[in-house]
Every structure is written in C-alpha cells, then in structure tokens.
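Quick notes on the structure that follows.
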Amino acid sequence: MSESNPPPVAPEPARRLDRLSVTGRATLAGTAAAVLLILAIVFGSRLLRDFDSALLPYAAASVFLVFGLVYRYTVWVSAPAARRLFKQGWRSFFSAANFRRAPTAVPRMIATYLGFQKFLGARSHARWAAHQLVFWGCVLAALITFPLTWGWFTFTSPTGPGPSYEWRMWGVKLLTFDSLSFFGWLLFHGLDIAAVLVIAGASYFLWRRMRDRGAMTGQRFAYDLLPLIALVVISVTGLLLTFSAIFLHGQGYEFLMVLHMISVVFTLIYLPFGKFFHIAQRPAAVGMQLFKYTARQDEKVFTCRRCGEPVDTDAYVENLRGTMRDLRLDFDEWTEYCPRCKRVLRGSAYLENVKKGYK
C-alpha cells in the first residue's frame, strides 16, 4: 500500500469500545471457568462430604487462579498475533492430513517442547536442568495438592491410626496400601519430594540472577525474583511442616502452617498476572511449532527476494504477513527478506536518506 493511501485507522472511540468488548468477553469466560470449578469441587467432593474446611483458603485461591488464567488467556488470544497463532495451532492439531503425514509429530512435540523443553538445552545445559527440576517439582505438587484441596482424593484408615489406608477418588476406592511400605511413603511424602526438586532448581536461578551480569541488567524484582522467592518459601515451609511433625512433635506446626498457606495463596493469586503465565501460553507455542513442522513437510520454502536464501515456509511467511496486516503495519513486504538482507537494506536506507543530510 502506498504512502498516499495509508491503511484505515479505527477512531479512538471504536478502539476503546473494542477494548471494552475484549474485557467483557474475558470477564465472562473467567467467571464461567470459576463457576465450573466450584461446581466440580462441590460434586467431586460428594456435596462437600469429602471437603476439608481447613483447606478452604487453598480452594478459594485455586478458583481465583482459574478465573485469572482464563481472563488473561482470553485477552491474550484476542490480540491479532496470538489469535493467529492460536487458530493455526489448533487447525494443525486437528488436521487429519497432518496426522496421516506425520502421526508421531504431536506426541513428540508435546514430549520434547512441552515436557522436556529441549529448546532450553541450546542456551545452557545447567539452565535446562534447573528448569526441569522446577517444572517437574511443580507438576508433581499440583497433581497432589489440587485434588486433595478440592476433596477429590481422600486417604482414610479403616483401622484407626493405620498403617492400612484406603485411597479414594470421588468416593470410589482405588486401592488399599500400607503407609509403612515404600509406596505408602512415596504417597505421603510426594510433596516433600516436589519441594526438594523446586528448591534445587529455583536456588540455581536465584544464584544466577545474583551473579550473571546479563541476567542482572534487565531483571525486575516483581517479575523475575519474586516468583522464585515464592517457590522457595512454599517449598521450605512445606518441608518444615514435615520436620515439625516428625522430629519436633508438632512444635511450631501451627505457625508454619499459616505461613505456608499465606505463601501458597499469594502465589496462586499472583500466577496469572506474573511471569508464571507462560505456563498457560506454552501449549499454544507447541501448536505453532506443529504448524511450522507440518508446513515444512510440503517442502514449499519461501526464498529471500534479494539473495535467494530460504527464509521459512510459505505458510509461515504468509501467516506473519497476515498478522502484520491485522496490526496495520504497512511494511509487511519485509517478511519476504532474510534477516541478513533486512540489515543490509536498513543500513543502505540510513546511508541514503539520513547520513547524507549531514554532508
């Protein structure tokens, strides 16, 4: 599009109305998700018969967590770039043609990109290992904590103090186990194992942010350091609860319990609006990786208009151009050049149009 005919720009009232509509949709979606979780807690705990009222603050924080995640995700997906990424990812995921062409692509990408995050290994093996410790520690803690908090899982002893216990899910007995066995020890100390993993990984990242000059330059306390500190506090107080119960006969248990609850509730409320939100965004990135992978199978590669070197697949370049048009960026033709040629063209434009004015 020429400079004499610029793209239409929506007037300020229209843009404000659009922002309000996005906020309204996000609020509605978040509220619906929160209500569904409340109903799942009520019916999953058999009309609250299996719900532990002492865990009410955790359950309330998890409801807010779901509302915040869905609210922010809806706002994020409403942006043109994220909306295209979201649509292309799900289109590739449910494509029968893609499944026939590469039936193992989806599980491989979920395992390597979402589970083991192999892309982090290219940056640093130490950072990858620490991220794996934090990731799997948090996953283990979530798989244990949320069902117990919502009353979906119960552990009851038909013989009073044990050691025989029944593990029930939604009131249905799954199995009976001995709490003194190795399996029973793993069940009752799963959160302690998760805490050790998280402390090891988060401590490395804290150490790096205190020592690495590159990390220190751009870091912000609330965005970069606070999440790590919160994870360490949750993990340490959780371990101290176990230590108090086993070695101190419950001394200081109530204080530690309150401190642990405050740290967990704070983190759950903070999660949708801080750095941890990338946890919710990552699956969409997996969909975009699948889109790029399946597009490469067609062997249709877009080449640079200036040097002829491959840029990316035709589908990916066209998707990027469409996003730039949605954002009313009137230079989408730059997607047709490789990174090196973009730098050369920018340098030439500077020499031709800017620097010559100083001669």
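Going through the structure tokens in order, the chains are called A, B, and so on, while each chain numbers its residues from 1 and the ligands are numbered from 1 in the order shown.
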Just want the 10 Å neighbourhood of Met261 (chain A), counted on only C-alpha atoms, with same-chain residues fewer than 5 positions away dropped. Output as a PDB file with all heavy atoms, in the first residue's frame.
```
ATOM      1  N   LEU A  55      -8.845 -26.534  54.385  1.00  0.00           N
ATOM      2  CA  LEU A  55      -8.192 -26.228  53.113  1.00  0.00           C
ATOM      3  C   LEU A  55      -8.975 -25.208  52.286  1.00  0.00           C
ATOM      4  O   LEU A  55      -8.672 -25.012  51.110  1.00  0.00           O
ATOM      5  CB  LEU A  55      -8.024 -27.523  52.300  1.00  0.00           C
ATOM      6  CG  LEU A  55      -7.218 -28.641  52.976  1.00  0.00           C
ATOM      7  CD1 LEU A  55      -7.166 -29.865  52.080  1.00  0.00           C
ATOM      8  CD2 LEU A  55      -5.813 -28.166  53.316  1.00  0.00           C
ATOM      9  N   PRO A  57      -8.992 -21.885  52.254  1.00  0.00           N
ATOM     10  CA  PRO A  57      -8.210 -20.811  51.597  1.00  0.00           C
ATOM     11  C   PRO A  57      -7.518 -21.282  50.323  1.00  0.00           C
ATOM     12  O   PRO A  57      -7.450 -20.535  49.337  1.00  0.00           O
ATOM     13  CB  PRO A  57      -7.200 -20.404  52.669  1.00  0.00           C
ATOM     14  CG  PRO A  57      -7.848 -20.781  53.965  1.00  0.00           C
ATOM     15  CD  PRO A  57      -8.606 -22.036  53.663  1.00  0.00           C
ATOM     16  N   TYR A  58      -7.002 -22.516  50.321  1.00  0.00           N
ATOM     17  CA  TYR A  58      -6.356 -23.043  49.113  1.00  0.00           C
ATOM     18  C   TYR A  58      -7.370 -23.204  47.991  1.00  0.00           C
ATOM     19  O   TYR A  58      -7.093 -22.878  46.824  1.00  0.00           O
ATOM     20  CB  TYR A  58      -5.711 -24.398  49.411  1.00  0.00           C
ATOM     21  CG  TYR A  58      -4.615 -24.363  50.435  1.00  0.00           C
ATOM     22  CD1 TYR A  58      -4.858 -24.734  51.757  1.00  0.00           C
ATOM     23  CD2 TYR A  58      -3.318 -23.986  50.093  1.00  0.00           C
ATOM     24  CE1 TYR A  58      -3.849 -24.714  52.707  1.00  0.00           C
ATOM     25  CE2 TYR A  58      -2.304 -23.971  51.034  1.00  0.00           C
ATOM     26  CZ  TYR A  58      -2.578 -24.334  52.336  1.00  0.00           C
ATOM     27  OH  TYR A  58      -1.567 -24.305  53.263  1.00  0.00           O
ATOM     28  N   ILE A 234       7.480 -21.452  49.654  1.00  0.00           N
ATOM     29  CA  ILE A 234       6.479 -22.535  49.703  1.00  0.00           C
ATOM     30  C   ILE A 234       7.145 -23.873  49.988  1.00  0.00           C
ATOM     31  O   ILE A 234       6.693 -24.655  50.848  1.00  0.00           O
ATOM     32  CB  ILE A 234       5.704 -22.603  48.377  1.00  0.00           C
ATOM     33  CG1 ILE A 234       4.799 -21.392  48.220  1.00  0.00           C
ATOM     34  CG2 ILE A 234       4.868 -23.878  48.300  1.00  0.00           C
ATOM     35  CD1 ILE A 234       4.136 -21.304  46.859  1.00  0.00           C
ATOM     36  N   THR A 237       8.822 -23.979  53.706  1.00  0.00           N
ATOM     37  CA  THR A 237       7.814 -24.099  54.760  1.00  0.00           C
ATOM     38  C   THR A 237       7.109 -25.451  54.711  1.00  0.00           C
ATOM     39  O   THR A 237       6.758 -26.011  55.753  1.00  0.00           O
ATOM     40  CB  THR A 237       6.778 -22.970  54.653  1.00  0.00           C
ATOM     41  OG1 THR A 237       6.233 -22.944  53.310  1.00  0.00           O
ATOM     42  CG2 THR A 237       7.407 -21.624  54.960  1.00  0.00           C
ATOM     43  N   GLY A 238       6.916 -25.993  53.502  1.00  0.00           N
ATOM     44  CA  GLY A 238       6.325 -27.333  53.404  1.00  0.00           C
ATOM     45  C   GLY A 238       7.221 -28.397  54.018  1.00  0.00           C
ATOM     46  O   GLY A 238       6.748 -29.292  54.745  1.00  0.00           O
ATOM     47  N   PHE A 255       2.164 -22.198  63.386  1.00  0.00           N
ATOM     48  CA  PHE A 255       2.755 -21.017  62.764  1.00  0.00           C
ATOM     49  C   PHE A 255       3.241 -21.331  61.352  1.00  0.00           C
ATOM     50  O   PHE A 255       3.008 -20.567  60.413  1.00  0.00           O
ATOM     51  CB  PHE A 255       3.913 -20.497  63.621  1.00  0.00           C
ATOM     52  CG  PHE A 255       4.728 -19.437  62.952  1.00  0.00           C
ATOM     53  CD1 PHE A 255       4.245 -18.139  62.853  1.00  0.00           C
ATOM     54  CD2 PHE A 255       5.962 -19.735  62.388  1.00  0.00           C
ATOM     55  CE1 PHE A 255       4.987 -17.148  62.220  1.00  0.00           C
ATOM     56  CE2 PHE A 255       6.711 -18.755  61.753  1.00  0.00           C
ATOM     57  CZ  PHE A 255       6.214 -17.454  61.661  1.00  0.00           C
ATOM     58  N   LEU A 256       3.928 -22.462  61.206  1.00  0.00           N
ATOM     59  CA  LEU A 256       4.421 -22.856  59.883  1.00  0.00           C
ATOM     60  C   LEU A 256       3.275 -23.120  58.915  1.00  0.00           C
ATOM     61  O   LEU A 256       3.373 -22.801  57.727  1.00  0.00           O
ATOM     62  CB  LEU A 256       5.296 -24.103  60.012  1.00  0.00           C
ATOM     63  CG  LEU A 256       6.639 -23.918  60.712  1.00  0.00           C
ATOM     64  CD1 LEU A 256       7.301 -25.277  60.962  1.00  0.00           C
ATOM     65  CD2 LEU A 256       7.556 -23.032  59.862  1.00  0.00           C
ATOM     66  N   PHE A 266      -0.841 -16.584  48.078  1.00  0.00           N
ATOM     67  CA  PHE A 266      -0.274 -15.447  47.364  1.00  0.00           C
ATOM     68  C   PHE A 266       0.236 -15.849  45.985  1.00  0.00           C
ATOM     69  O   PHE A 266      -0.011 -15.161  44.988  1.00  0.00           O
ATOM     70  CB  PHE A 266       0.869 -14.831  48.180  1.00  0.00           C
ATOM     71  CG  PHE A 266       1.708 -13.856  47.405  1.00  0.00           C
ATOM     72  CD1 PHE A 266       1.275 -12.556  47.192  1.00  0.00           C
ATOM     73  CD2 PHE A 266       2.921 -14.241  46.854  1.00  0.00           C
ATOM     74  CE1 PHE A 266       2.036 -11.652  46.468  1.00  0.00           C
ATOM     75  CE2 PHE A 266       3.688 -13.356  46.124  1.00  0.00           C
ATOM     76  CZ  PHE A 266       3.250 -12.055  45.928  1.00  0.00           C
ATOM     77  N   THR A 267       0.926 -16.977  45.911  1.00  0.00           N
ATOM     78  CA  THR A 267       1.486 -17.429  44.631  1.00  0.00           C
ATOM     79  C   THR A 267       0.387 -17.786  43.641  1.00  0.00           C
ATOM     80  O   THR A 267       0.484 -17.468  42.447  1.00  0.00           O
ATOM     81  CB  THR A 267       2.414 -18.631  44.847  1.00  0.00           C
ATOM     82  OG1 THR A 267       3.438 -18.273  45.794  1.00  0.00           O
ATOM     83  CG2 THR A 267       3.070 -19.064  43.552  1.00  0.00           C
TER      84      THR A 267
END
```
Assign secondary structure with DSSP using the backbone only, and return the residues of region 65-263 of chain A in strand (DSSP E) as JSON, numbers by chain.
{"A": [153, 154, 155, 156, 164, 165, 166, 167, 168, 169, 172, 173, 174, 175, 176, 177, 178]}
Rank nothing, just name the residue among A:Phe302, A:Glu309, A:Arg72, A:Leu327 nearest to Gly274 (chain A), using only C-alpha atoms.
A:Arg72
Can you check which parts of region 131-235 of chain A lie within 6 Å of region 38-53 of chain A? Per residue, the shortest pair of atoms and distance in Å to one decimal, counting only C-alpha atoms, sorted by chain and number, as a Markdown table.
```
| residue | atom | partner | partner_atom | distance |
| --- | --- | --- | --- | --- |
| A:Trp150 | CA | A:Ile41 | CA | 5.2 |
| A:Gly151 | CA | A:Phe51 | CA | 4.4 |
| A:Trp152 | CA | A:Ser45 | CA | 5.3 |
| A:Trp170 | CA | A:Gly44 | CA | 5.4 |
```
Based on the selection just made, write all heavy atoms of those residues as an mmCIF file, in the first residue's frame.
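Output saved as again_12.cif:
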```
data_model
loop_
_atom_site.group_PDB
_atom_site.id
_atom_site.type_symbol
_atom_site.label_atom_id
_atom_site.label_comp_id
_atom_site.auth_asym_id
_atom_site.auth_seq_id
_atom_site.Cartn_x
_atom_site.Cartn_y
_atom_site.Cartn_z
ATOM 1 N N TRP A 150 -9.459 -29.928 46.668
ATOM 2 C CA TRP A 150 -10.840 -29.905 46.193
ATOM 3 C C TRP A 150 -11.692 -31.054 46.748
ATOM 4 O O TRP A 150 -12.891 -31.131 46.435
ATOM 5 C CB TRP A 150 -10.851 -29.982 44.664
ATOM 6 C CG TRP A 150 -10.166 -28.828 44.019
ATOM 7 C CD1 TRP A 150 -9.976 -27.588 44.556
ATOM 8 C CD2 TRP A 150 -9.579 -28.787 42.713
ATOM 9 N NE1 TRP A 150 -9.302 -26.767 43.675
ATOM 10 C CE2 TRP A 150 -9.042 -27.484 42.531
ATOM 11 C CE3 TRP A 150 -9.451 -29.713 41.686
ATOM 12 C CZ2 TRP A 150 -8.384 -27.098 41.367
ATOM 13 C CZ3 TRP A 150 -8.797 -29.325 40.522
ATOM 14 C CH2 TRP A 150 -8.278 -28.038 40.359
ATOM 15 N N GLY A 151 -11.088 -31.936 47.536
ATOM 16 C CA GLY A 151 -11.846 -33.051 48.092
ATOM 17 C C GLY A 151 -12.065 -34.186 47.121
ATOM 18 O O GLY A 151 -12.919 -35.054 47.358
ATOM 19 N N TRP A 152 -11.288 -34.219 46.029
ATOM 20 C CA TRP A 152 -11.425 -35.314 45.067
ATOM 21 C C TRP A 152 -10.704 -36.566 45.548
ATOM 22 O O TRP A 152 -11.156 -37.676 45.282
ATOM 23 C CB TRP A 152 -10.867 -34.886 43.712
ATOM 24 C CG TRP A 152 -11.660 -33.812 43.029
ATOM 25 C CD1 TRP A 152 -12.769 -33.174 43.513
ATOM 26 C CD2 TRP A 152 -11.408 -33.250 41.745
ATOM 27 N NE1 TRP A 152 -13.224 -32.245 42.619
ATOM 28 C CE2 TRP A 152 -12.407 -32.265 41.510
ATOM 29 C CE3 TRP A 152 -10.453 -33.471 40.765
ATOM 30 C CZ2 TRP A 152 -12.460 -31.520 40.345
ATOM 31 C CZ3 TRP A 152 -10.498 -32.722 39.594
ATOM 32 C CH2 TRP A 152 -11.491 -31.762 39.389
ATOM 33 N N TRP A 170 -13.224 -39.370 44.308
ATOM 34 C CA TRP A 170 -14.655 -39.099 44.152
ATOM 35 C C TRP A 170 -15.505 -40.137 44.883
ATOM 36 O O TRP A 170 -16.574 -40.549 44.416
ATOM 37 C CB TRP A 170 -15.037 -39.050 42.669
ATOM 38 C CG TRP A 170 -14.305 -38.004 41.898
ATOM 39 C CD1 TRP A 170 -13.990 -36.743 42.320
ATOM 40 C CD2 TRP A 170 -13.779 -38.118 40.580
ATOM 41 N NE1 TRP A 170 -13.309 -36.059 41.354
ATOM 42 C CE2 TRP A 170 -13.154 -36.876 40.269
ATOM 43 C CE3 TRP A 170 -13.757 -39.132 39.625
ATOM 44 C CZ2 TRP A 170 -12.534 -36.644 39.054
ATOM 45 C CZ3 TRP A 170 -13.142 -38.891 38.416
ATOM 46 C CH2 TRP A 170 -12.542 -37.669 38.134
#
```
Tell me which protein, DNA and RNA residues are within 12 Å of region 63-71 of chain A, counting only C-alpha atoms, leaving out same-chain ones fewer than 5 positions away, and put them as a PyMOL selection string.
chain A and resi 22-41+56-58+76-78+146+149-150+264-274+276-281
As a ChimeraX atom specification, which residues of region 126-348 of chain A does DSSP assign to alpha helix (DSSP H)?
/A:126-149,182-188,190-211,213-218,226-247,253-270,278-297,314-326,339-348
Between CA of Ala122 (chain A) and CA of Val232 (chain A), what is the distance, to one decimal in Å?
26.2 Å
Between A:Phe182, A:Tyr350, A:Phe177, A:Tyr293, which residue has the minimum interatomic distance to Arg101 (chain A), considering only C-alpha atoms?
A:Tyr293
So the first atom is CA of Trp207 (chain A) and the second is CA of Gly252 (chain A); what is the distance between them in Å, to one decimal place?
29.5 Å
